[in-house]
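Notes follow the structure.
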Amino acid sequence: MKSGLLTSWLLGTALWLAAVLAFALYSVEASRQRLSDELAVAGRTLHRLISQRAAQHDAHMTSLIALADDTEPARLDATRQVMESVARFYPRIAWLALVSLDDGSAQDATARSDDRLKPLIEVPTGGGQDLTPLRDAIKGQQRGKVEAYAGQNGRYLLAKRAQAPSDAALVLSIDARHLLEPEERPRWAHLSLTLGNHSLVDLPAEEAGNAAASFVAPAHFGSTIDSASQRISLSLDRAMPTEALLPMRQLAGFAAMAGVAVFALMFALRQRAAVRKSQKSTEEAEARALLQERQALLAHASRVNAMGELASGIAHELTQPLTAMLSRSQAALRLAGADKPDIELIREALDVNVREAKRAGEMLRRMRDYASNRAPEPVTCAINAIVAEIAALTGADLERRGIHLALDLTIETIEANVDPIELEQVLHNLIRNAADAIEGGPTIAPRIEIATLAAGDEARITVRDNGPGITANAFAKLFQPFFTTKAEGMGLGLSLCATLIERVDGRIEAENAPGGGACFTISLPRTLKRETS
Amino acid sequence: MSKYRVYLIDDDEAVRAALAFLLGTYGITVETFGDPQAFLAHVDEDKPGCLIFDLRMPLVSGLQLHAKLTERGIDWPTIMITGHGDVAACRRAFKAGIQDFLTKPVDGEVLVEALQQAFASFDARLEKREARQQLARLTEREREVLDMVALGWASKEIAAALDISARTIDAHRARIAEKLGTSSVAEFVRLTLADKGSA
């Protein structure tokens, strides 16, 4: 029982651990998937936004260069105004400049005052960088096509030449850091934008957590912006921190729930086992009850049968008190009819009659009890009283058959837990067998002796006769059903005796007495009275 | 009321006491015994009485008791009472010479009536015995003469029949009267009848 409990608890713990581990694995995989998906979604969003903005740059360049193909002062002024409004609306366009690439016949003397490439217009003034080093590169550009160049401080430049014959070129300096609004950028990812080999933006994740402690490789998203002019590479990296993959509170919650569930499961299983066990024991109890009921039926039938054999003896027992009562009543009537009735004598006669009526009633009670069909119920009984009852029931019959019934009852009070009627029946069977055995042989001074004694914690009853005794080959089968030595016997008497006695934890044994004749001993667990009260 | 005793033998003390009590109210004296042996040890041929006993008693049955008494020459009237009067037992009892056979519980009046009949038969029996004893004192000739007297013959007729003198007949009659203690012809008749009677 105890090892069973331990086994089931070990099993429960193993089950719980397995469940927690499975949950952790599932949780890691699901979180990884979720974080990767988030990264991909964010990456695609950024890709789309940046692509749109790059396209806007192209559009601005197209419209501004169209304005600037003429370097008339009025046009330049208009161009400047447009540029200023563009700069105002698009903070990421950090600087706009219109330059003339013509170095020979400069219309603007100031532009050619030195060899530096100075903008015709710049918004804001001095907000850009020196374009001189790029002059040849821009000059080499195909007209109408936008080219990108690495800038300084996370900027890049876009340049476009005006249509021929103008030698003007438009340059935009884009602050890559403002390609994305701060709120558009995912805080949990490392964002980098590069143009060729030039790093534009490199923002580490702000909520990365302890990436070093992670056991899962970081997720990566990389793409190139859809723009012919601005081949910017977008790269997002997301660390997979353990605490994100395996949320401890969830895990603890699950562990607790799994613990409760496992406990409930174990409890339910034990409960079910207990129910099954109790069902089984209920079925067994029912079967036992049925068997007992049948035995009770058999016992009752056998008692009723035996009662028939006793009837003549019992009639005698009833006749005696009736005779005494009738005679005494008639005598009392005669006394009452006298001139001077002797009231005292009449009263005495009636007193005795009452006693006799009770004696007859007692005999009837005995008979009724013996033949009753009530369910057997063991109670604490005085053994001597039971022996006296069966002696009273069978005495007259034995007397008629010329057999002397002797009682040798111990003066000690011996009690046992038995059904009194069943014990009477057992004794009756033994007495009847003894009487039959005596009548079957040439016994001189036939005699049956019933003795009671206390033997330690046992109460013993012996039924002994001086008949021919038990034959050697009968001993083995004596208590088996349907074994009989009588011509008209059923062979159920002793088997029933054994059943009834064993049911109250007693035993019955047979032997041949030293002086001849059979001796049956019934031993019953003695019910000891409490010594102190 | 009765000049006879009644001996009651029954193993049941209550039955003994009740029957003795009942018979006592009829003025009948009853001596009771719990078992046949006690009675056999006590019985005195000189104290005759009626017997009442149970057919069924432990160790010695009623019929066995009756047989033992008969062996000892005691043939007092006997009434058998029994709790289970089967025909066979009844028949055996009557064959053994039992006066009456009653079943328990026995009715008082029936028992008393049976007892009175028993007493009457006892009287008759004693009378017969007495008559025999008296008649036994007579010689053969005297008995011959007595029988003829009892038949109502005169002395002359007797003398003629016996071919002896009438004087001798008278002498016989005187001796008969002396031996029987009476000269009454009626008494002579009673005695001879008692002797011949079956009772």
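Chain labels follow the order of the structure tokens: the first chain is A, the next B, and so on; residue numbering restarts at 1 in every chain, and ligands are counted from 1 in their shown order.
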
What are the residues of chain A that have an atom within 6 Å of an atom of chain B, counting only C-alpha atoms, as a compact mmCIF listing (two decimals) with N, CA and C atoms, in the first residue's frame?
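Once everything was written out, this is iface-v2.txt:
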```txt
# COMPACT_ATOMS: atom_id res chain seq x y z
N HIS A 316 -45.07 -34.10 24.85
CA HIS A 316 -45.01 -34.61 26.22
C HIS A 316 -44.68 -33.47 27.19
N THR A 319 -47.69 -31.47 27.60
CA THR A 319 -48.78 -32.20 28.24
C THR A 319 -48.64 -32.15 29.76
N LEU A 322 -49.87 -28.93 31.25
CA LEU A 322 -51.32 -28.85 31.01
C LEU A 322 -52.07 -29.77 31.96
N THR A 323 -51.54 -30.97 32.15
CA THR A 323 -52.16 -31.94 33.05
C THR A 323 -52.23 -31.37 34.46
N ALA A 324 -51.09 -30.84 34.89
CA ALA A 324 -51.04 -30.27 36.24
C ALA A 324 -52.04 -29.13 36.38
N SER A 327 -55.79 -30.39 36.39
CA SER A 327 -56.14 -31.05 37.65
C SER A 327 -56.28 -30.04 38.77
N ARG A 328 -55.31 -29.12 38.82
CA ARG A 328 -55.33 -28.16 39.92
C ARG A 328 -56.50 -27.19 39.77
N ALA A 331 -59.55 -28.99 40.94
CA ALA A 331 -59.51 -29.08 42.39
C ALA A 331 -59.93 -27.76 43.01
N GLU A 399 -35.41 -39.17 26.20
CA GLU A 399 -35.97 -39.98 27.27
C GLU A 399 -36.85 -41.08 26.68
```

Contacts of Arg507 (chain A) at 12 Å or less, counting only C-alpha atoms, minus same-chain residues fewer than 2 places along, as a PyMOL selection string?
-> chain A and resi 426+458-462+479+494-495+497-505+509-510+520-525

Could you please write out, as an mmCIF file with N, CA and C atoms, in the first residue's frame, every residue of region 348-493 of chain A that DSSP assigns to alpha helix (DSSP H)?
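Just written: part.cif:
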```cif
data_model
loop_
_atom_site.group_PDB
_atom_site.id
_atom_site.type_symbol
_atom_site.label_atom_id
_atom_site.label_comp_id
_atom_site.auth_asym_id
_atom_site.auth_seq_id
_atom_site.Cartn_x
_atom_site.Cartn_y
_atom_site.Cartn_z
ATOM 1 N N GLU A 348 -53.286 -20.513 46.428
ATOM 2 C CA GLU A 348 -52.051 -21.266 46.262
ATOM 3 C C GLU A 348 -52.100 -22.076 44.960
ATOM 4 N N ALA A 349 -53.276 -22.700 44.738
ATOM 5 C CA ALA A 349 -53.449 -23.514 43.532
ATOM 6 C C ALA A 349 -53.300 -22.652 42.281
ATOM 7 N N LEU A 350 -53.888 -21.465 42.337
ATOM 8 C CA LEU A 350 -53.808 -20.579 41.167
ATOM 9 C C LEU A 350 -52.370 -20.111 40.943
ATOM 10 N N ASP A 351 -51.678 -19.843 42.032
ATOM 11 C CA ASP A 351 -50.275 -19.441 41.926
ATOM 12 C C ASP A 351 -49.468 -20.501 41.197
ATOM 13 N N VAL A 352 -49.672 -21.735 41.617
ATOM 14 C CA VAL A 352 -48.925 -22.824 40.995
ATOM 15 C C VAL A 352 -49.326 -22.950 39.526
ATOM 16 N N ASN A 353 -50.609 -22.767 39.260
ATOM 17 C CA ASN A 353 -51.089 -22.836 37.871
ATOM 18 C C ASN A 353 -50.410 -21.805 36.990
ATOM 19 N N VAL A 354 -50.270 -20.599 37.533
ATOM 20 C CA VAL A 354 -49.605 -19.539 36.773
ATOM 21 C C VAL A 354 -48.180 -19.986 36.438
ATOM 22 N N ARG A 355 -47.538 -20.588 37.399
ATOM 23 C CA ARG A 355 -46.168 -21.039 37.185
ATOM 24 C C ARG A 355 -46.121 -22.121 36.097
ATOM 25 N N GLU A 356 -47.079 -23.007 36.161
ATOM 26 C CA GLU A 356 -47.129 -24.089 35.168
ATOM 27 C C GLU A 356 -47.418 -23.552 33.772
ATOM 28 N N ALA A 357 -48.329 -22.568 33.717
ATOM 29 C CA ALA A 357 -48.666 -21.964 32.414
ATOM 30 C C ALA A 357 -47.421 -21.327 31.817
ATOM 31 N N LYS A 358 -46.623 -20.700 32.685
ATOM 32 C CA LYS A 358 -45.394 -20.070 32.201
ATOM 33 C C LYS A 358 -44.403 -21.121 31.714
ATOM 34 N N ARG A 359 -44.393 -22.246 32.415
ATOM 35 C CA ARG A 359 -43.493 -23.336 32.012
ATOM 36 C C ARG A 359 -43.876 -23.822 30.609
ATOM 37 N N ALA A 360 -45.180 -23.962 30.398
ATOM 38 C CA ALA A 360 -45.644 -24.389 29.072
ATOM 39 C C ALA A 360 -45.321 -23.323 28.032
ATOM 40 N N GLY A 361 -45.541 -22.076 28.426
ATOM 41 C CA GLY A 361 -45.252 -20.967 27.514
ATOM 42 C C GLY A 361 -43.782 -20.930 27.143
ATOM 43 N N GLU A 362 -42.943 -21.214 28.114
ATOM 44 C CA GLU A 362 -41.493 -21.212 27.894
ATOM 45 C C GLU A 362 -41.112 -22.274 26.863
ATOM 46 N N MET A 363 -41.770 -23.420 26.973
ATOM 47 C CA MET A 363 -41.499 -24.501 26.029
ATOM 48 C C MET A 363 -41.930 -24.088 24.621
ATOM 49 N N LEU A 364 -43.088 -23.442 24.560
ATOM 50 C CA LEU A 364 -43.569 -22.977 23.254
ATOM 51 C C LEU A 364 -42.626 -21.925 22.682
ATOM 52 N N ARG A 365 -42.133 -21.042 23.556
ATOM 53 C CA ARG A 365 -41.203 -20.004 23.126
ATOM 54 C C ARG A 365 -39.949 -20.640 22.539
ATOM 55 N N ARG A 366 -39.465 -21.651 23.239
ATOM 56 C CA ARG A 366 -38.283 -22.379 22.806
ATOM 57 C C ARG A 366 -38.491 -22.963 21.403
ATOM 58 N N MET A 367 -39.657 -23.583 21.249
ATOM 59 C CA MET A 367 -39.995 -24.188 19.946
ATOM 60 C C MET A 367 -40.054 -23.139 18.850
ATOM 61 N N ARG A 368 -40.749 -22.053 19.178
ATOM 62 C CA ARG A 368 -40.946 -21.000 18.190
ATOM 63 C C ARG A 368 -39.600 -20.418 17.782
ATOM 64 N N ASP A 369 -38.763 -20.145 18.792
ATOM 65 C CA ASP A 369 -37.426 -19.612 18.511
ATOM 66 C C ASP A 369 -36.668 -20.561 17.606
ATOM 67 N N TYR A 370 -36.743 -21.830 17.961
ATOM 68 C CA TYR A 370 -35.938 -22.808 17.238
ATOM 69 C C TYR A 370 -36.392 -22.932 15.791
ATOM 70 N N ALA A 371 -37.702 -22.860 15.571
ATOM 71 C CA ALA A 371 -38.218 -23.036 14.211
ATOM 72 C C ALA A 371 -38.307 -21.718 13.464
ATOM 73 N N ILE A 383 -22.982 -19.546 27.085
ATOM 74 C CA ILE A 383 -22.956 -20.869 26.461
ATOM 75 C C ILE A 383 -23.811 -21.869 27.250
ATOM 76 N N ASN A 384 -23.709 -21.809 28.575
ATOM 77 C CA ASN A 384 -24.468 -22.756 29.398
ATOM 78 C C ASN A 384 -25.976 -22.645 29.146
ATOM 79 N N ALA A 385 -26.447 -21.405 28.967
ATOM 80 C CA ALA A 385 -27.880 -21.198 28.755
ATOM 81 C C ALA A 385 -28.322 -21.852 27.444
ATOM 82 N N ILE A 386 -27.455 -21.768 26.425
ATOM 83 C CA ILE A 386 -27.801 -22.357 25.129
ATOM 84 C C ILE A 386 -27.848 -23.879 25.243
ATOM 85 N N VAL A 387 -26.876 -24.430 25.978
ATOM 86 C CA VAL A 387 -26.867 -25.883 26.182
ATOM 87 C C VAL A 387 -28.134 -26.305 26.922
ATOM 88 N N ALA A 388 -28.529 -25.513 27.935
ATOM 89 C CA ALA A 388 -29.735 -25.840 28.704
ATOM 90 C C ALA A 388 -30.975 -25.797 27.806
ATOM 91 N N GLU A 389 -31.023 -24.841 26.872
ATOM 92 C CA GLU A 389 -32.165 -24.720 25.970
ATOM 93 C C GLU A 389 -32.315 -25.960 25.090
ATOM 94 N N ILE A 390 -31.200 -26.374 24.503
ATOM 95 C CA ILE A 390 -31.300 -27.507 23.577
ATOM 96 C C ILE A 390 -31.553 -28.794 24.358
ATOM 97 N N ALA A 391 -31.063 -28.835 25.598
ATOM 98 C CA ALA A 391 -31.336 -30.005 26.438
ATOM 99 C C ALA A 391 -32.834 -30.072 26.729
ATOM 100 N N ALA A 392 -33.440 -28.901 26.968
ATOM 101 C CA ALA A 392 -34.877 -28.872 27.245
ATOM 102 C C ALA A 392 -35.679 -29.287 26.014
ATOM 103 N N LEU A 393 -35.191 -28.880 24.835
ATOM 104 C CA LEU A 393 -35.919 -29.216 23.603
ATOM 105 C C LEU A 393 -35.815 -30.705 23.276
ATOM 106 N N THR A 394 -34.644 -31.279 23.505
ATOM 107 C CA THR A 394 -34.423 -32.653 23.053
ATOM 108 C C THR A 394 -34.599 -33.676 24.171
ATOM 109 N N GLY A 395 -34.627 -33.197 25.413
ATOM 110 C CA GLY A 395 -34.645 -34.106 26.573
ATOM 111 C C GLY A 395 -35.743 -35.151 26.493
ATOM 112 N N ALA A 396 -36.975 -34.693 26.213
ATOM 113 C CA ALA A 396 -38.112 -35.606 26.226
ATOM 114 C C ALA A 396 -37.971 -36.669 25.141
ATOM 115 N N ASP A 397 -37.474 -36.239 23.987
ATOM 116 C CA ASP A 397 -37.312 -37.178 22.873
ATOM 117 C C ASP A 397 -36.278 -38.246 23.225
ATOM 118 N N LEU A 398 -35.158 -37.804 23.827
ATOM 119 C CA LEU A 398 -34.111 -38.753 24.209
ATOM 120 C C LEU A 398 -34.638 -39.712 25.278
ATOM 121 N N GLU A 399 -35.408 -39.175 26.196
ATOM 122 C CA GLU A 399 -35.973 -39.978 27.271
ATOM 123 C C GLU A 399 -36.848 -41.082 26.684
ATOM 124 N N ARG A 400 -37.665 -40.675 25.714
ATOM 125 C CA ARG A 400 -38.541 -41.634 25.051
ATOM 126 C C ARG A 400 -37.733 -42.742 24.389
ATOM 127 N N PRO A 420 -27.626 -17.633 18.944
ATOM 128 C CA PRO A 420 -28.003 -18.706 19.873
ATOM 129 C C PRO A 420 -28.750 -19.854 19.191
ATOM 130 N N ILE A 421 -29.627 -19.508 18.233
ATOM 131 C CA ILE A 421 -30.413 -20.559 17.589
ATOM 132 C C ILE A 421 -29.517 -21.459 16.744
ATOM 133 N N GLU A 422 -28.545 -20.819 16.059
ATOM 134 C CA GLU A 422 -27.645 -21.626 15.228
ATOM 135 C C GLU A 422 -26.786 -22.554 16.084
ATOM 136 N N LEU A 423 -26.329 -22.040 17.227
ATOM 137 C CA LEU A 423 -25.535 -22.907 18.100
ATOM 138 C C LEU A 423 -26.404 -24.043 18.640
ATOM 139 N N GLU A 424 -27.650 -23.733 18.970
ATOM 140 C CA GLU A 424 -28.579 -24.779 19.411
ATOM 141 C C GLU A 424 -28.715 -25.834 18.321
ATOM 142 N N GLN A 425 -28.811 -25.339 17.088
ATOM 143 C CA GLN A 425 -28.984 -26.261 15.970
ATOM 144 C C GLN A 425 -27.770 -27.170 15.811
ATOM 145 N N VAL A 426 -26.576 -26.584 15.947
ATOM 146 C CA VAL A 426 -25.352 -27.375 15.848
ATOM 147 C C VAL A 426 -25.361 -28.462 16.930
ATOM 148 N N LEU A 427 -25.702 -28.052 18.156
ATOM 149 C CA LEU A 427 -25.727 -29.015 19.265
ATOM 150 C C LEU A 427 -26.794 -30.078 19.006
ATOM 151 N N HIS A 428 -27.935 -29.639 18.488
ATOM 152 C CA HIS A 428 -29.011 -30.584 18.202
ATOM 153 C C HIS A 428 -28.565 -31.635 17.192
ATOM 154 N N ASN A 429 -27.857 -31.166 16.150
ATOM 155 C CA ASN A 429 -27.340 -32.103 15.144
ATOM 156 C C ASN A 429 -26.423 -33.130 15.788
ATOM 157 N N LEU A 430 -25.538 -32.652 16.664
ATOM 158 C CA LEU A 430 -24.589 -33.558 17.314
ATOM 159 C C LEU A 430 -25.331 -34.542 18.228
ATOM 160 N N ILE A 431 -26.325 -34.016 18.943
ATOM 161 C CA ILE A 431 -27.101 -34.874 19.849
ATOM 162 C C ILE A 431 -27.852 -35.934 19.039
ATOM 163 N N ARG A 432 -28.444 -35.493 17.935
ATOM 164 C CA ARG A 432 -29.221 -36.412 17.105
ATOM 165 C C ARG A 432 -28.331 -37.505 16.519
ATOM 166 N N ASN A 433 -27.142 -37.072 16.024
ATOM 167 C CA ASN A 433 -26.203 -38.066 15.487
ATOM 168 C C ASN A 433 -25.835 -39.073 16.565
ATOM 169 N N ALA A 434 -25.572 -38.544 17.780
ATOM 170 C CA ALA A 434 -25.183 -39.420 18.883
ATOM 171 C C ALA A 434 -26.309 -40.409 19.180
ATOM 172 N N ALA A 435 -27.542 -39.905 19.240
ATOM 173 C CA ALA A 435 -28.682 -40.764 19.557
ATOM 174 C C ALA A 435 -28.862 -41.825 18.470
ATOM 175 N N ASP A 436 -28.723 -41.409 17.200
ATOM 176 C CA ASP A 436 -28.865 -42.361 16.093
ATOM 177 C C ASP A 436 -27.779 -43.431 16.172
ATOM 178 N N ALA A 437 -26.556 -42.999 16.509
ATOM 179 C CA ALA A 437 -25.446 -43.945 16.603
ATOM 180 C C ALA A 437 -25.699 -44.948 17.728
ATOM 181 N N ILE A 438 -26.203 -44.428 18.853
ATOM 182 C CA ILE A 438 -26.481 -45.304 19.998
ATOM 183 C C ILE A 438 -27.556 -46.326 19.624
ATOM 184 N N GLU A 439 -28.597 -45.860 18.958
ATOM 185 C CA GLU A 439 -29.697 -46.765 18.612
ATOM 186 C C GLU A 439 -29.277 -47.791 17.576
ATOM 187 N N GLY A 440 -28.250 -47.443 16.788
ATOM 188 C CA GLY A 440 -27.796 -48.366 15.749
ATOM 189 C C GLY A 440 -26.947 -49.505 16.299
ATOM 190 N N GLY A 493 -25.871 -32.536 7.777
ATOM 191 C CA GLY A 493 -25.869 -32.115 9.180
ATOM 192 C C GLY A 493 -24.528 -31.579 9.649
#
```

Could you write out, as a list of chain:residue names, all the residues of region 212-359 of chain A that DSSP marks as strand (DSSP E)?
-> A:Ala219, A:His220, A:Phe221, A:Gly222, A:Ser223, A:Thr224, A:Ile232, A:Ser233, A:Leu234, A:Ser235, A:Leu236, A:Asp237, A:Arg238

Produce a file of the selected residues containing N, CA and C atoms, as a tab-separated table (two decimals), in the first residue's frame.
```tsv
chain	number	residue	atom	x	y	z
A	219	ALA	N	17.12	36.48	-35.00
A	219	ALA	CA	16.40	36.49	-36.27
A	219	ALA	C	16.92	37.65	-37.11
A	220	HIS	N	16.91	37.44	-38.41
A	220	HIS	CA	17.45	38.49	-39.29
A	220	HIS	C	16.47	38.78	-40.41
A	221	PHE	N	16.37	40.07	-40.75
A	221	PHE	CA	15.58	40.45	-41.92
A	221	PHE	C	16.45	41.37	-42.76
A	222	GLY	N	16.57	41.06	-44.03
A	222	GLY	CA	17.37	41.93	-44.88
A	222	GLY	C	16.71	42.11	-46.24
A	223	SER	N	16.75	43.34	-46.74
A	223	SER	CA	16.21	43.56	-48.09
A	223	SER	C	16.82	44.84	-48.69
A	224	THR	N	16.68	44.98	-49.93
A	224	THR	CA	17.20	46.19	-50.59
A	224	THR	C	15.99	47.00	-51.05
A	232	ILE	N	19.53	51.14	-51.17
A	232	ILE	CA	19.83	51.06	-49.73
A	232	ILE	C	19.50	49.65	-49.23
A	233	SER	N	20.43	49.13	-48.46
A	233	SER	CA	20.15	47.81	-47.85
A	233	SER	C	19.57	48.03	-46.46
A	234	LEU	N	18.44	47.37	-46.23
A	234	LEU	CA	17.79	47.44	-44.92
A	234	LEU	C	18.07	46.13	-44.20
A	235	SER	N	18.50	46.28	-42.99
A	235	SER	CA	18.75	45.03	-42.25
A	235	SER	C	18.24	45.19	-40.83
A	236	LEU	N	17.45	44.20	-40.41
A	236	LEU	CA	16.90	44.21	-39.05
A	236	LEU	C	17.37	42.92	-38.37
A	237	ASP	N	17.87	43.06	-37.17
A	237	ASP	CA	18.28	41.87	-36.42
A	237	ASP	C	17.60	41.88	-35.06
A	238	ARG	N	17.12	40.74	-34.73
A	238	ARG	CA	16.42	40.68	-33.44
A	238	ARG	C	17.03	39.57	-32.60
```

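CA of Ala205 (chain A) is positioned 14.4 Å from CA of Glu38 (chain A).
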
Fewer than 4 positions away in the same chain doesn't count, so skip those; otherwise give me all residues within 12 Å of Glu181 (chain A), counting only C-alpha atoms, as a count of residues only.
-> 13
